[in-house]
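Working notes, structure below.
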Amino acid sequence: MMFPPVLAMYAGALVLPLLPKSVRCWAYLLFPLAALWSVMTMPVGTQITVPLASWELVICQVTQLSRVFGIIFALIALVGGIYSLHLRDTGQQVASLLYAGGALGVTFAGDFFTVIVFWEIMAAGSTYLVWARRTPESRRAGMRYLLFHLLGGSLLLMGIILQIQNTGSILLTSFAPGESAAAWLILAGVAVNAAVVPLHAWLPDSYPEATIPGA
């Protein structure tokens with residue numbers, strides 16, 4: 001049975017808090033493994049759709065490129081879980097799964113609505129991992145981090161809205177160079193969140209303040 005890789009991560013975020021602390025760290029590893037299995041076994045060309053009002057959301061669309069990045073994100077989550085086997089902080093474990101799940105959700109999204117939803121979940125999970133250090137410096141860095149990501153998300157959302165108005169479709173499509181203002185807004189939103197120079201100031205400011213497993 002095929003399921004979106006993000007589903008494995010979010011199932012973990014729901015289940016982990018219910019487990020005893022003695023097994024929670026080892027159980028964490030099962031969810032990135034399940035996501036990796038999903039990424040590896042879904043054939044290229046697979047589409048999983050969900051109706052929403054008058055739209056058809058493509059919550060999972062497998063291409064050769066999305067599979068490559070899906071493998072990378074699932075492996076990072078798995079390695080991070082192994083590195084964090086000593087961790088007993090449920091909040092960090094759940095936030096890590098939300099963060100990794102958001103990355104997988106964006107990677108396999110086939111429509112703009114799905115992209116923006118997972119994009120913001122990703123921002124929420126990663127912000128918690130900065131704040132989880134619980135120091136005055138991490139609180140301030142986390143707030144600056146959140147503001148940067150809200151800026152990037154806002155630019156992305158404006159570009160998406162403009163693109164939907166221009167095309168009448170929410171499906172992800174390729175942009176020709178300089179095609180429209182929507183393309184530039186979407187590029188700017190991605191550039192902020194990806195810390196593309198010169199929009200990278202948030203990265204060296206926030207990562208050193210995050211918890212070690214979070215970073």
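Chain identifiers are assigned as A, B, and so on, following the order in which chains appear in the structure tokens; residues are numbered from 1 within each chain, and ligands are numbered from 1 in order of appearance.
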Report as a PyMOL selection string all protein, DNA and RNA residues lying within 12 Å of Ser180 of chain A, evaluated on only C-alpha atoms, omitting residues in the same chain fewer than 3 positions from it. chain A and resi 159-160+162-167+174-177+183-187
*Using only C-alpha atoms, which residues sit within 10 Å of Ala210 of chain A once same-chain residues fewer than 6 positions away are excluded, as a count of residues only?*
15
Notebook entry, point to check: Excluding same-chain residues fewer than 6 positions from Phe73 of chain A, what lies within 8 Å of it counting only C-alpha atoms, as a list in words?
Noted result: Ala100, Ala103 and Leu104 of chain A
Mind dumping the selected residues with N, CA and C atoms as an mmCIF file, in the first residue's frame?
data_model
loop_
_atom_site.group_PDB
_atom_site.id
_atom_site.type_symbol
_atom_site.label_atom_id
_atom_site.label_comp_id
_atom_site.auth_asym_id
_atom_site.auth_seq_id
_atom_site.Cartn_x
_atom_site.Cartn_y
_atom_site.Cartn_z
ATOM 1 N N ALA A 100 11.047 17.476 9.584
ATOM 2 C CA ALA A 100 11.411 16.540 8.514
ATOM 3 C C ALA A 100 10.199 16.206 7.645
ATOM 4 N N ALA A 103 9.561 19.035 5.251
ATOM 5 C CA ALA A 103 10.502 19.003 4.130
ATOM 6 C C ALA A 103 10.076 17.973 3.088
ATOM 7 N N LEU A 104 9.647 16.798 3.547
ATOM 8 C CA LEU A 104 9.175 15.770 2.614
ATOM 9 C C LEU A 104 7.872 16.203 1.943
#
**Item:** Shell of 12 Å around Pro213 of chain A, only C-alpha atoms, local chain residues under 3 positions omitted, as a PyMOL selection string
**Value:** chain A and resi 76-89+92-93+95-96+126+129-130+132-133+207-210
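Each of A:Gly152, A:Gly101, A:Pro51, A:Gly70 was compared to Ala11 of chain A using only C-alpha atoms, and A:Gly101 turns out to be the nearest.
You can rank A:Pro4, A:Cys25, A:Val15, A:Phe69 by their closest distance to Thr46 of chain A using only C-alpha atoms, and at the top of that list sits A:Pro4.
Candidate residues A:Leu151, A:Leu14, A:Leu29, A:Val62 were compared for distance to Val190 of chain A, and the nearest is A:Leu151, using only C-alpha atoms.
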query: Tell me, which residues of chain A carry DSSP helix (DSSP H, G or I), written as a PyMOL selection string?
result: chain A and resi 5-18+21-28+30-41+64-83+90-108+112-131+136-167+181-193+202-209
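Using only C-alpha atoms for every distance, the candidate list A:Thr90, A:Leu57, A:Gly110, A:Asp205 yields A:Thr90 as the residue closest to Leu19 of chain A.
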Fewer than 3 positions away in the same chain doesn't count, so skip those; otherwise give me all residues within 8 Å of Thr49 of chain A, counting only C-alpha atoms, as a PDB file with N, CA and C atoms, in the first residue's frame.
ATOM      1  N   GLU A  56      -8.434  19.849  -6.598  1.00  0.00           N
ATOM      2  CA  GLU A  56      -7.881  18.512  -6.417  1.00  0.00           C
ATOM      3  C   GLU A  56      -6.427  18.689  -5.993  1.00  0.00           C
ATOM      4  N   LEU A  57      -6.148  18.471  -4.719  1.00  0.00           N
ATOM      5  CA  LEU A  57      -4.791  18.651  -4.206  1.00  0.00           C
ATOM      6  C   LEU A  57      -3.938  17.441  -4.567  1.00  0.00           C
ATOM      7  N   VAL A  58      -2.758  17.702  -5.064  1.00  0.00           N
ATOM      8  CA  VAL A  58      -1.795  16.633  -5.350  1.00  0.00           C
ATOM      9  C   VAL A  58      -0.808  16.622  -4.187  1.00  0.00           C
ATOM     10  N   ILE A  59      -1.130  15.848  -3.148  1.00  0.00           N
ATOM     11  CA  ILE A  59      -0.323  15.887  -1.934  1.00  0.00           C
ATOM     12  C   ILE A  59       0.961  15.079  -2.070  1.00  0.00           C
ATOM     13  N   CYS A  60       1.057  14.255  -3.085  1.00  0.00           N
ATOM     14  CA  CYS A  60       2.285  13.489  -3.308  1.00  0.00           C
ATOM     15  C   CYS A  60       2.432  13.221  -4.797  1.00  0.00           C
TER      16      CYS A  60
END
Practice task
Going by DSSP on the backbone, which bits of segment 22-215 of chain A are strand (DSSP E)? Write them as a PyMOL selection string, please.
Solution key: chain A and resi 47-52+55-61
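When only C-alpha atoms are used to compute distances to Gln61 of chain A, the closest of the residues A:Leu171, A:Ala74, A:Met9, A:Ile116 turns out to be A:Leu171.
Nearest to Tyr99 of chain A of all the residues A:Val6, A:Ala194, A:Met40, A:Ile212 is A:Val6, counting only C-alpha atoms.
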Taking 5 positions as the minimum chain separation for residues in the same chain, which residues sit within 8 Å of Gly102 of chain A when counting only C-alpha atoms? Answer as a list in words. Val6, Phe118, Trp119, Glu120, Ile121 and Met122 of chain A
Please, could you write that set of residues out with N, CA, C and O atoms as a PDB file, in the first residue's frame?
ATOM      1  N   VAL A   6       5.435  11.878   4.050  1.00  0.00           N
ATOM      2  CA  VAL A   6       5.155  12.792   5.152  1.00  0.00           C
ATOM      3  C   VAL A   6       4.232  12.143   6.179  1.00  0.00           C
ATOM      4  O   VAL A   6       4.306  12.445   7.381  1.00  0.00           O
ATOM      5  N   PHE A 118       2.830  22.778   4.083  1.00  0.00           N
ATOM      6  CA  PHE A 118       3.991  22.082   4.622  1.00  0.00           C
ATOM      7  C   PHE A 118       5.157  23.044   4.877  1.00  0.00           C
ATOM      8  O   PHE A 118       5.962  22.823   5.778  1.00  0.00           O
ATOM      9  N   TRP A 119       5.243  24.093   4.087  1.00  0.00           N
ATOM     10  CA  TRP A 119       6.281  25.105   4.276  1.00  0.00           C
ATOM     11  C   TRP A 119       6.168  25.734   5.657  1.00  0.00           C
ATOM     12  O   TRP A 119       7.165  25.906   6.357  1.00  0.00           O
ATOM     13  N   GLU A 120       4.950  26.077   6.062  1.00  0.00           N
ATOM     14  CA  GLU A 120       4.748  26.734   7.352  1.00  0.00           C
ATOM     15  C   GLU A 120       4.901  25.757   8.513  1.00  0.00           C
ATOM     16  O   GLU A 120       5.376  26.132   9.588  1.00  0.00           O
ATOM     17  N   ILE A 121       4.493  24.511   8.317  1.00  0.00           N
ATOM     18  CA  ILE A 121       4.723  23.504   9.364  1.00  0.00           C
ATOM     19  C   ILE A 121       6.217  23.319   9.588  1.00  0.00           C
ATOM     20  O   ILE A 121       6.687  23.192  10.728  1.00  0.00           O
ATOM     21  N   MET A 122       6.973  23.308   8.494  1.00  0.00           N
ATOM     22  CA  MET A 122       8.416  23.200   8.576  1.00  0.00           C
ATOM     23  C   MET A 122       9.006  24.356   9.381  1.00  0.00           C
ATOM     24  O   MET A 122       9.890  24.170  10.227  1.00  0.00           O
TER      25      MET A 122
END
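Computed from the coordinates, the atom CA of Ser169 of chain A to atom CA of Trp55 of chain A distance equals 8.7 Å.
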